file entry-v1.csv (CSV, C-alpha atoms)
chain,number,residue,atom,x,y,z
X,266,MET,CA,90.3,107.0,64.4
X,267,THR,CA,88.8,104.2,66.4
X,268,ASN,CA,89.9,103.8,70.0
X,269,VAL,CA,90.6,100.2,70.6
X,270,THR,CA,92.4,100.6,73.9
X,271,PRO,CA,90.8,98.3,76.4
X,272,ILE,CA,88.7,99.6,79.3
X,273,TRP,CA,89.5,98.7,82.9
X,274,GLU,CA,87.3,99.0,86.0
X,275,VAL,CA,89.0,100.6,88.9
X,276,PHE,CA,88.6,99.8,92.6
X,277,VAL,CA,90.2,101.8,95.4
X,278,ARG,CA,90.7,100.9,99.0
X,279,ALA,CA,90.4,104.1,100.9
X,280,LYS,CA,92.3,102.8,104.0
X,281,ASN,CA,93.4,99.6,105.4
X,282,GLY,CA,90.4,97.6,106.8
X,283,LEU,CA,87.9,98.9,104.3
X,284,ALA,CA,86.9,97.0,101.1
X,285,HIS,CA,88.0,98.1,97.7
X,286,ARG,CA,85.2,100.2,96.1
X,287,HIS,CA,84.4,100.7,92.5
X,288,VAL,CA,85.2,104.3,91.5
X,289,GLY,CA,85.2,104.3,87.7
X,290,SER,CA,87.1,103.2,84.7
X,291,VAL,CA,90.3,104.0,82.7
X,292,HIS,CA,91.6,103.2,79.2
X,293,ALA,CA,94.9,101.3,79.1
X,294,ALA,CA,96.8,98.9,76.9
X,295,ASP,CA,97.5,96.5,79.7
X,296,ALA,CA,97.2,95.9,83.4
X,297,ARG,CA,100.3,97.7,84.4
X,298,GLY,CA,99.3,100.8,82.4
X,299,ALA,CA,95.8,100.6,83.9
X,300,VAL,CA,97.2,100.7,87.4
X,301,GLU,CA,99.3,103.8,86.5
X,302,ALA,CA,96.3,105.5,84.8
X,303,ALA,CA,94.1,104.7,87.8
X,304,ARG,CA,96.7,106.1,90.2
X,305,ASP,CA,96.8,109.3,88.3
X,306,VAL,CA,93.1,109.7,87.7
X,307,TYR,CA,91.6,108.4,91.0
X,308,THR,CA,94.2,108.7,93.8
X,309,ARG,CA,95.8,112.1,93.2
X,310,ARG,CA,94.0,113.6,96.2
X,311,SER,CA,95.1,110.8,98.6
X,312,GLU,CA,91.9,108.8,98.1
X,313,GLY,CA,93.5,105.4,98.6
X,314,VAL,CA,96.1,103.0,99.7
X,315,SER,CA,95.5,100.2,97.3
X,316,LEU,CA,94.2,99.8,93.7
X,317,TRP,CA,92.6,97.0,91.8
X,318,VAL,CA,92.0,97.1,88.1
X,319,VAL,CA,89.9,94.5,86.3
X,320,PRO,CA,89.3,94.3,82.5
X,321,SER,CA,85.8,95.5,81.9
X,322,SER,CA,85.3,92.6,79.5
X,323,ALA,CA,85.8,90.2,82.5
X,324,ILE,CA,82.6,91.5,84.2
X,325,THR,CA,79.4,89.7,83.6
X,326,ALA,CA,76.5,92.0,84.1
X,327,SER,CA,72.8,91.2,84.8
X,328,ASP,CA,70.6,91.7,81.8
X,329,PRO,CA,68.4,94.8,82.1
X,330,GLY,CA,65.7,92.8,80.3
X,331,GLU,CA,65.6,90.4,83.2
X,332,SER,CA,65.2,93.1,85.8
X,333,ALA,CA,61.7,92.3,86.6
X,334,ALA,CA,62.4,88.7,87.2
X,335,LEU,CA,65.6,89.3,89.1
X,336,PHE,CA,64.7,92.2,91.4
X,337,ALA,CA,61.0,92.8,91.5
X,338,PRO,CA,60.2,89.8,93.7
X,339,ALA,CA,62.2,91.3,96.6
X,340,GLU,CA,60.1,94.5,96.6
X,341,ASP,CA,57.2,93.2,98.7
X,342,LYS,CA,59.4,91.2,101.1
X,343,ILE,CA,59.7,94.1,103.6
X,344,TYR,CA,60.0,91.6,106.4
X,345,ARG,CA,63.5,91.0,105.2
X,346,HIS,CA,64.5,94.4,106.5
X,347,PRO,CA,65.4,94.2,110.2
X,348,THR,CA,63.0,97.0,111.1
X,349,PHE,CA,60.5,95.1,113.1
X,350,TYR,CA,62.5,95.0,116.3
X,351,THR,CA,62.5,97.6,119.0
X,352,VAL,CA,66.1,98.3,120.0
X,353,PRO,CA,66.4,98.6,123.8
X,354,GLU,CA,67.6,102.1,124.6
X,355,ASN,CA,70.8,101.0,126.4
X,356,VAL,CA,72.0,98.9,123.5
X,357,LYS,CA,74.7,100.6,121.7
X,358,ASN,CA,76.7,99.9,118.5
X,359,ILE,CA,73.9,98.6,116.4
M,34,MET,CA,128.3,112.5,97.3
M,35,SER,CA,131.4,114.6,97.8
M,36,GLN,CA,131.1,116.4,94.6
M,37,THR,CA,127.7,117.9,95.3
M,38,LEU,CA,129.1,121.0,96.9
M,39,THR,CA,132.0,121.9,94.7
M,40,LEU,CA,129.4,124.0,92.9
M,41,SER,CA,128.2,126.8,95.2
M,42,PRO,CA,125.0,125.7,96.9
M,43,PHE,CA,123.2,128.8,95.5
M,44,GLU,CA,124.1,127.8,91.9
M,45,LEU,CA,123.2,124.2,92.5
M,46,ALA,CA,119.8,125.1,94.0
M,47,LEU,CA,119.2,127.5,91.0
M,48,ARG,CA,120.1,124.8,88.5
M,49,LEU,CA,117.9,122.1,90.0
M,50,GLY,CA,115.0,124.6,90.6
M,51,ASP,CA,115.2,126.0,87.0
M,52,ASP,CA,115.2,122.4,85.6
M,53,ALA,CA,112.1,121.6,87.5
M,54,LEU,CA,110.4,124.9,86.7
M,55,THR,CA,110.9,124.9,83.0
M,56,LEU,CA,109.9,121.2,82.5
M,57,SER,CA,106.9,121.7,84.8
M,58,HIS,CA,105.8,124.5,82.4
M,59,ARG,CA,106.3,122.3,79.4
M,60,LEU,CA,104.2,119.5,80.9
M,61,CYS,CA,101.4,121.8,81.9
M,62,GLU,CA,101.2,122.9,78.2
M,63,TRP,CA,99.8,119.4,77.6
M,64,CYS,CA,96.8,120.2,79.9
M,65,GLY,CA,93.7,119.7,77.8
M,66,HIS,CA,95.7,118.5,74.8
M,67,ALA,CA,97.0,115.1,75.7
M,68,PRO,CA,95.9,112.0,73.7
M,69,THR,CA,93.6,110.7,76.5
M,70,LEU,CA,92.2,111.9,79.7
M,71,GLU,CA,94.4,109.5,81.6
M,72,VAL,CA,97.6,110.8,80.0
M,73,ASP,CA,96.4,114.4,80.4
M,74,LEU,CA,96.1,113.9,84.2
M,75,ALA,CA,99.3,112.0,84.4
M,76,LEU,CA,101.4,114.7,82.7
M,77,SER,CA,99.8,117.4,84.7
M,78,ASN,CA,100.5,115.4,87.9
M,79,ILE,CA,104.1,115.1,86.9
M,80,GLY,CA,104.2,118.8,86.1
M,81,LEU,CA,102.8,119.7,89.5
M,82,ASP,CA,105.3,117.5,91.3
M,83,LEU,CA,108.1,119.4,89.4
M,84,LEU,CA,106.5,122.7,90.3
M,85,GLY,CA,106.6,121.8,93.9
M,86,GLN,CA,110.3,120.8,93.6
M,87,ALA,CA,111.0,124.1,91.8
M,88,GLN,CA,109.4,126.0,94.7
M,89,PHE,CA,111.6,124.3,97.3
M,90,PHE,CA,114.8,124.7,95.3
M,91,LEU,CA,114.2,128.3,94.3
M,92,ASN,CA,113.1,129.4,97.8
M,93,TYR,CA,116.2,127.9,99.2
M,94,ALA,CA,118.3,129.5,96.4
M,95,GLY,CA,116.8,132.8,97.4
M,96,GLU,CA,117.6,132.2,101.1
M,97,LEU,CA,121.2,131.3,100.2
M,98,GLU,CA,121.6,134.4,98.0
M,99,GLY,CA,120.4,136.6,100.9
M,100,ALA,CA,119.1,139.4,98.6
M,101,GLY,CA,115.5,139.0,99.7
M,102,ARG,CA,114.3,137.1,96.6
M,103,ASP,CA,111.9,134.2,97.0
M,104,ALA,CA,110.9,131.5,94.5
M,105,ASP,CA,108.3,133.8,92.8
M,106,ALA,CA,110.9,136.6,92.4
M,107,LEU,CA,113.4,134.1,90.9
M,108,ALA,CA,110.8,132.5,88.6
M,109,TYR,CA,109.1,135.6,87.3
M,110,HIS,CA,111.7,138.3,87.4
M,111,ARG,CA,114.8,136.9,85.8
M,112,ASP,CA,115.6,137.0,82.1
M,113,GLU,CA,116.5,134.1,79.9
M,114,TYR,CA,120.3,134.4,80.4
M,115,GLU,CA,119.9,134.2,84.2
M,116,PHE,CA,118.2,130.8,84.0
M,117,LYS,CA,120.5,127.8,84.6
M,118,ASN,CA,118.3,124.9,83.6
M,119,CYS,CA,119.6,122.2,81.2
M,120,LEU,CA,118.5,122.6,77.6
M,121,LEU,CA,116.7,119.2,77.7
M,122,ALA,CA,114.1,120.6,80.2
M,123,GLU,CA,113.2,123.6,78.0
M,124,GLN,CA,112.8,121.6,74.7
M,125,PRO,CA,109.3,121.9,73.1
M,126,ASN,CA,106.9,119.1,73.7
M,127,GLY,CA,106.7,117.9,70.1
M,128,ASP,CA,104.4,114.9,70.0
M,129,PHE,CA,103.6,112.6,72.9
M,130,ALA,CA,106.5,110.3,72.1
M,131,ARG,CA,109.0,113.1,72.2
M,132,THR,CA,107.6,114.3,75.5
M,133,ILE,CA,107.8,110.8,76.9
M,134,VAL,CA,111.4,110.3,75.8
M,135,ARG,CA,112.4,113.7,77.3
M,136,GLN,CA,110.8,112.6,80.5
M,137,LEU,CA,112.6,109.3,80.6
M,138,PHE,CA,115.9,110.9,80.1
M,139,PHE,CA,115.3,113.7,82.5
M,140,SER,CA,113.6,111.8,85.3
M,141,THR,CA,116.3,109.1,85.2
M,142,TRP,CA,118.9,111.8,85.6
M,143,GLN,CA,116.9,113.5,88.4
M,144,THR,CA,116.6,110.2,90.2
M,145,LEU,CA,120.4,109.6,90.2
M,146,ARG,CA,121.1,113.3,91.0
M,147,PHE,CA,118.7,113.3,94.0
M,148,GLN,CA,120.1,110.0,95.3
M,149,GLU,CA,123.4,111.8,95.5
M,150,LEU,CA,121.9,115.0,96.9
M,151,ALA,CA,120.2,113.0,99.6
M,152,GLN,CA,123.8,112.2,100.9
M,153,SER,CA,124.7,115.9,101.0
M,154,SER,CA,125.8,117.5,104.2
M,155,ASP,CA,123.3,120.3,103.6
M,156,LYS,CA,120.1,119.5,105.5
M,157,ASN,CA,117.9,121.5,103.3
M,158,PHE,CA,119.1,119.7,100.2
M,159,THR,CA,118.7,116.3,101.8
M,160,ALA,CA,115.2,117.1,102.9
M,161,ILE,CA,114.1,118.3,99.4
M,162,ALA,CA,115.9,115.3,97.7
M,163,ALA,CA,114.2,112.8,100.0
M,164,LYS,CA,110.8,114.1,99.2
M,165,ALA,CA,111.4,114.5,95.5
M,166,LEU,CA,112.9,111.0,95.1
M,167,LYS,CA,109.5,109.4,95.6
M,168,GLU,CA,108.1,111.6,92.9
M,169,VAL,CA,110.8,111.2,90.3
M,170,THR,CA,111.0,107.5,90.8
M,171,TYR,CA,107.4,107.3,89.6
M,172,HIS,CA,108.0,109.8,86.8
M,173,ALA,CA,110.9,107.6,85.5
M,174,ASN,CA,108.8,104.5,85.7
M,175,PHE,CA,105.8,106.1,84.0
M,176,ALA,CA,108.0,107.3,81.1
M,177,ALA,CA,109.8,103.9,80.8
M,178,GLU,CA,106.4,102.1,80.6
M,179,TRP,CA,105.3,104.4,77.8
M,180,VAL,CA,108.6,104.1,75.9
M,181,LEU,CA,108.1,100.3,76.1
M,182,ARG,CA,104.6,100.6,74.7
M,183,LEU,CA,105.5,103.0,72.0
M,184,GLY,CA,108.6,101.2,70.9
M,185,ASP,CA,107.0,97.9,71.0
M,186,GLY,CA,103.7,99.2,69.6
M,187,THR,CA,102.8,100.0,66.0
M,188,LYS,CA,105.0,101.1,63.2
M,189,GLU,CA,103.8,104.6,63.7
M,190,SER,CA,104.4,104.7,67.4
M,191,LYS,CA,107.9,103.3,66.9
M,192,ARG,CA,108.7,105.9,64.3
M,193,ARG,CA,107.7,108.6,66.6
M,194,VAL,CA,109.6,107.3,69.6
M,195,VAL,CA,112.7,106.9,67.5
M,196,ASP,CA,112.3,110.5,66.4
M,197,GLY,CA,111.9,111.5,70.1
M,198,ILE,CA,115.2,109.8,71.0
M,199,SER,CA,117.2,111.5,68.3
M,200,TRP,CA,115.7,114.8,69.3
M,201,SER,CA,116.5,114.5,73.0
M,202,TRP,CA,119.8,112.6,72.7
M,203,ARG,CA,121.6,115.8,71.7
M,204,TYR,CA,120.9,117.3,75.1
M,205,VAL,CA,122.1,114.4,77.2
M,206,ASP,CA,125.8,115.4,77.3
M,207,GLU,CA,124.9,118.6,79.1
M,208,LEU,CA,123.3,116.6,82.0
M,209,PHE,CA,126.8,115.2,82.8
M,210,ILE,CA,129.1,118.1,82.5
M,211,GLY,CA,131.4,119.0,85.4
M,212,GLU,CA,130.7,117.2,88.6
M,213,ASP,CA,127.7,115.3,87.3
M,214,ALA,CA,130.0,113.3,84.9
M,215,ALA,CA,130.1,110.5,87.5
M,216,LEU,CA,126.4,109.8,87.1
M,217,ARG,CA,126.7,109.0,83.4
M,218,PRO,CA,127.5,105.3,83.5
M,219,ALA,CA,124.5,104.5,85.8
M,220,TRP,CA,122.3,106.7,83.6
M,221,GLU,CA,123.4,105.0,80.4
M,222,ALA,CA,122.9,101.6,81.9
M,223,ILE,CA,119.3,102.3,82.9
M,224,VAL,CA,118.3,104.2,79.7
M,225,ARG,CA,119.9,101.7,77.4
M,226,ALA,CA,118.3,98.8,79.2
M,227,LYS,CA,114.9,100.5,78.9
M,228,LEU,CA,115.4,101.2,75.2
M,229,ALA,CA,116.6,97.6,74.5
M,230,GLN,CA,113.5,96.3,76.3
M,231,ALA,CA,111.3,98.4,74.0
M,232,GLY,CA,113.2,97.0,70.9
M,233,LEU,CA,114.8,100.3,70.3
M,234,GLU,CA,118.4,100.8,69.1
M,235,PRO,CA,120.6,102.9,71.3
M,236,PRO,CA,121.3,106.1,69.3
M,237,ALA,CA,124.5,106.7,67.5
M,238,PRO,CA,126.8,109.2,69.3
M,239,VAL,CA,126.1,112.8,68.4
M,240,ARG,CA,127.7,116.1,69.1
M,241,GLY,CA,126.1,117.2,72.3
M,242,ILE,CA,124.6,120.7,72.6
M,243,THR,CA,125.3,122.5,75.9
M,244,GLY,CA,125.1,126.0,77.3
M,245,GLY,CA,122.0,126.0,79.5
M,246,ARG,CA,123.9,125.7,82.7
M,247,GLU,CA,125.8,128.9,81.8
M,248,GLY,CA,122.6,130.7,80.7
M,249,ARG,CA,123.0,130.2,77.0
M,250,HIS,CA,119.7,128.8,75.9
M,251,SER,CA,117.9,127.5,72.9
M,252,GLU,CA,115.4,129.9,71.2
M,253,HIS,CA,112.6,128.0,72.9
M,254,LEU,CA,113.2,129.2,76.5
M,255,GLY,CA,112.4,132.9,75.6
M,256,HIS,CA,109.0,131.9,74.3
M,257,LEU,CA,108.4,129.8,77.4
M,258,LEU,CA,109.3,132.6,79.7
M,259,ALA,CA,107.2,135.1,77.8
M,260,GLU,CA,104.2,133.1,78.5
M,261,MET,CA,105.1,132.1,82.1
M,262,GLN,CA,106.2,135.6,83.2
M,263,TYR,CA,103.8,137.7,81.3
M,264,LEU,CA,101.4,138.5,84.2
M,265,GLN,CA,104.0,139.3,86.8
M,266,ARG,CA,106.0,141.4,84.3
M,267,SER,CA,102.9,143.4,83.3
M,268,HIS,CA,101.5,143.7,86.8
M,269,PRO,CA,104.5,143.3,89.1
M,270,ASN,CA,103.7,141.7,92.5
M,271,ALA,CA,100.1,141.1,91.5
M,272,GLN,CA,98.4,138.7,94.0
M,273,TRP,CA,95.6,136.2,93.5
call {"tool": "encode", "arguments": {"input": "entry-v1.csv", "output": "structure tokens"}}
result
Amino acid sequence: MTNVTPIWEVFVRAKNGLAHRHVGSVHAADARGAVEAARDVYTRRSEGVSLWVVPSSAITASDPGESAALFAPAEDKIYRHPTFYTVPENVKNI
Amino acid sequence: MSQTLTLSPFELALRLGDDALTLSHRLCEWCGHAPTLEVDLALSNIGLDLLGQAQFFLNYAGELEGAGRDADALAYHRDEYEFKNCLLAEQPNGDFARTIVRQLFFSTWQTLRFQELAQSSDKNFTAIAAKALKEVTYHANFAAEWVLRLGDGTKESKRRVVDGISWSWRYVDELFIGEDAALRPAWEAIVRAKLAQAGLEPPAPVRGITGGREGRHSEHLGHLLAEMQYLQRSHPNAQW
């Protein structure tokens, strides 16, 4: 038997004020079913206050074959990390 | 409300507790066997909600009885004829469609029953009902969504859900005997609407099977209890 049930990516907001975070995926025939499945699979230990589900097919991923072109150029740009400043001792909340 | 307490509170707590306990056991039988991981977790979640309700109701029943029995004593050390659950709750799972139809029928009934119980003058009952209502509302919705998908799905899924309806429909009358008769119109309206939405014919009237509330059960309950009670009967008062 082939499983043709669509896959949905699940995002959970842990609490108000935080962003929804990707936590995994579920199978479901439609969006409503996906929300229910996500509720049962990913929030049964009180992990969240809000759920998003997105059809996996709606996601456009970067091509692993292009990894070198996409990501390698950033590797030697260490000056883009804010690590060259001395933070004064009395400054808090950075 | 009103009619809630014409039954003795002990008897009422026992009935509601036994309903939740037996169906909880049935749902947990799906653990590891459900069609998909998602459904496996969903059915176990519902089973655990029901187990929690059973614990509240049976502990309270034990308190009302005043003979020193708690939920565990009532669950593990009573025989079949002492159980007061409705027959619907103890019916075997069958296939997924049959399980889902049983859940729709039962959870819809529980929702109406607990709405009434929440108006009771008994504070313990209102507290349990208020907590359980949130759970059973979800159970009823979950089952209705699946009935819709199965009924409106493939030829095969429709055949199975129709089979589930005719299996469970025979046990509906028992849900509305005595004081619960008043709940029937609301229940019929909800269930018939859900079935119609799924393109399913309301079933023809059948002769209802009753007896569970008096302790006369189908042959299935004995097997269920044998499995559920085995450990406590072989090793009384064993602790984890």
call {"tool": "atom_distance", "arguments": {"input": "entry-v1.csv", "atom1": "CA of Asp155 in chain M", "atom2": "CA of Pro42 in chain M"}}
result
8.8 Å
call {"tool": "closest_residue", "arguments": {"input": "entry-v1.csv", "among": "X:Arg286, X:Arg297, X:Lys342, X:Lys280", "to": "chain M", "atoms": "all atoms listed in the file"}}
result
X:Arg297
call {"tool": "interface_residues", "arguments": {"input": "entry-v1.csv", "of": "chain X", "to": "chain M", "cutoff": "9 Å", "atoms": "all atoms listed in the file", "output": "list in words"}}
result
Val291, His292, Ala293, Ala294, Arg297, Gly298, Glu301, Ala302, Ala303, Arg304, Asp305, Val306 and Arg309 of chain X
call {"tool": "atom_distance", "arguments": {"input": "entry-v1.csv", "atom1": "CA of His287 in chain X", "atom2": "CA of Cys64 in chain M"}}
result
26.3 Å
call {"tool": "atom_distance", "arguments": {"input": "entry-v1.csv", "atom1": "CA of Lys357 in chain X", "atom2": "CA of Ala339 in chain X"}}
result
29.5 Å
call {"tool": "closest_residue", "arguments": {"input": "entry-v1.csv", "among": "X:Glu312, X:Leu335, X:Ser322, X:Trp273", "to": "Val300 in chain X", "atoms": "only C-alpha atoms"}}
result
X:Trp273
call {"tool": "closest_residue", "arguments": {"input": "entry-v1.csv", "among": "M:Ile223, M:Val205, M:Ala67, M:Leu97", "to": "Pro238 in chain M", "atoms": "all atoms listed in the file"}}
result
M:Val205
call {"tool": "residues_near_point", "arguments": {"input": "entry-v1.csv", "point": "(90.9, 105.9, 102.1)", "cutoff": "12 Å", "atoms": "only C-alpha atoms", "output": "PyMOL selection string"}}
result
chain X and resi 276-286+307-316
call {"tool": "residues_around", "arguments": {"input": "entry-v1.csv", "residues": "Ser321 in chain X", "least_positions_apart": "6", "cutoff": "9 Å", "atoms": "only C-alpha atoms", "output": "number ranges by chain"}}
result
X: 271-274, 290
call {"tool": "residues_around", "arguments": {"input": "entry-v1.csv", "residues": "Phe89 in chain M", "least_positions_apart": "2", "cutoff": "8 Å", "atoms": "all atoms listed in the file", "output": "NGL selection string"}}
result
:M and (50 or 85-87 or 91-93 or 104 or 161)
call {"tool": "decode", "arguments": {"input": "entry-v1.csv", "residues": "range 317-342 of chain X", "atoms": "C-alpha atoms", "output": "compact mmCIF listing (two decimals), in the first residue's frame"}}
result
# COMPACT_ATOMS: atom_id res chain seq x y z
CA TRP X 317 0.99 26.45 12.42
CA VAL X 318 0.92 23.75 9.77
CA VAL X 319 2.24 24.26 6.26
CA PRO X 320 2.08 21.77 3.38
CA SER X 321 5.60 20.43 2.96
CA SER X 322 5.13 20.80 -0.78
CA ALA X 323 4.81 24.58 -0.30
CA ILE X 324 8.37 24.82 0.96
CA THR X 325 11.11 25.67 -1.51
CA ALA X 326 14.43 24.39 -0.22
CA SER X 327 17.91 25.43 -1.21
CA ASP X 328 19.68 22.99 -3.49
CA PRO X 329 22.39 20.99 -1.69
CA GLY X 330 24.34 21.05 -4.94
CA GLU X 331 24.54 24.81 -4.65
CA SER X 332 25.78 24.76 -1.07
CA ALA X 333 29.25 25.85 -1.97
CA ALA X 334 28.05 28.87 -3.92
CA LEU X 335 25.40 29.80 -1.36
CA PHE X 336 27.13 29.34 1.94
CA ALA X 337 30.89 28.99 1.55
CA PRO X 338 31.55 32.69 0.77
CA ALA X 339 30.37 33.61 4.28
CA GLU X 340 32.90 31.37 5.95
CA ASP X 341 35.85 33.75 5.82
CA LYS X 342 33.88 36.90 6.64
